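K.L.:
Encoded as C-alpha cells, here's the structure I'll be asking about.
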Amino acid sequence: MRRYVPVDIQDIPDIFDIRLAGEVYTFRIDYNDIADYYTVTIWDADGDLLLTQQPLILGELVGYDLPDARLPRIDLRVMDETDQATDAGKAVFGYTVQIYLDVIDPLGSETGDPTIEPLGYDPDEPTDDYTDEEVSS
C-alpha cells in the first residue's frame, strides 16, 4: 500500500505542514462545491507560493502542468488504489481517493515489513559512487 497525504475533509479548508523529500511544505486543501472537486495550494518553508488552487483530478499528478523546481521532488498523484472511483469528488475524496506518494518499491519495502530491504539496497555493494565502467577506465 502506498503512503498518502492525510487530508481532513471534515475541516475544510484543511491547512497543514508536511515533510516531503526532506523539505517542509504547507498545503491548503479547499473544496469547490459548485463543480464538486478539491484543490490544493502549496507553499514552501520560506512562505513562497508554489501552486495555487490546483484542481485535484483523479489519476493526475499534482502540479504536473505547472513545473516548478521548488515543488516537492516526489510524485504526488490523486488516485484510488481500489481502482473503482471515477472522479475525486466529495463522495470519494478522503475515503478511497487520496493524494498518494506515487512511489512503489517493487520489492515491497513500503508495506512496513521490516524483513524487506528497499529497492536498490545491496549490502555487498561498495559504498563508493563509481560505476563498474568508471572504475575500469
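Following the order of the C-alpha cells, chains are lettered A, B, ..., residues in each are numbered from 1, and ligands are numbered from 1.
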So that I can see what lies close to region 57-61 of chain A, please list as a list in words the residues with an atom at most 8 Å from it, counting only C-alpha atoms and leaving out residues fewer than 2 positions away in the same chain.
P.N.:
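Listed by chain and then number, they are Tyr37, Pro55, Gly63, Tyr64, Asp75, Leu76, Arg77, Val78, Met79, Asp80, Thr86, Asp87, Ala88 and Val97 of chain A.
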K.L.:
Please indicate the distance in Å from CA of Asp11 (chain A) to CA of Val40 (chain A), rounded to one decimal place.
P.N.:
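Separation of CA of Asp11 (chain A) and CA of Val40 (chain A): 14.2 Å.
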K.L.:
Name the closest residue to Asp48 (chain A) among the candidates A:Arg28, A:Arg70, A:Lys90, A:Arg3; distances are taken between atoms, counting only C-alpha atoms.
P.N.:
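Using only C-alpha atoms, Asp48 (chain A) sits closest to A:Arg70.
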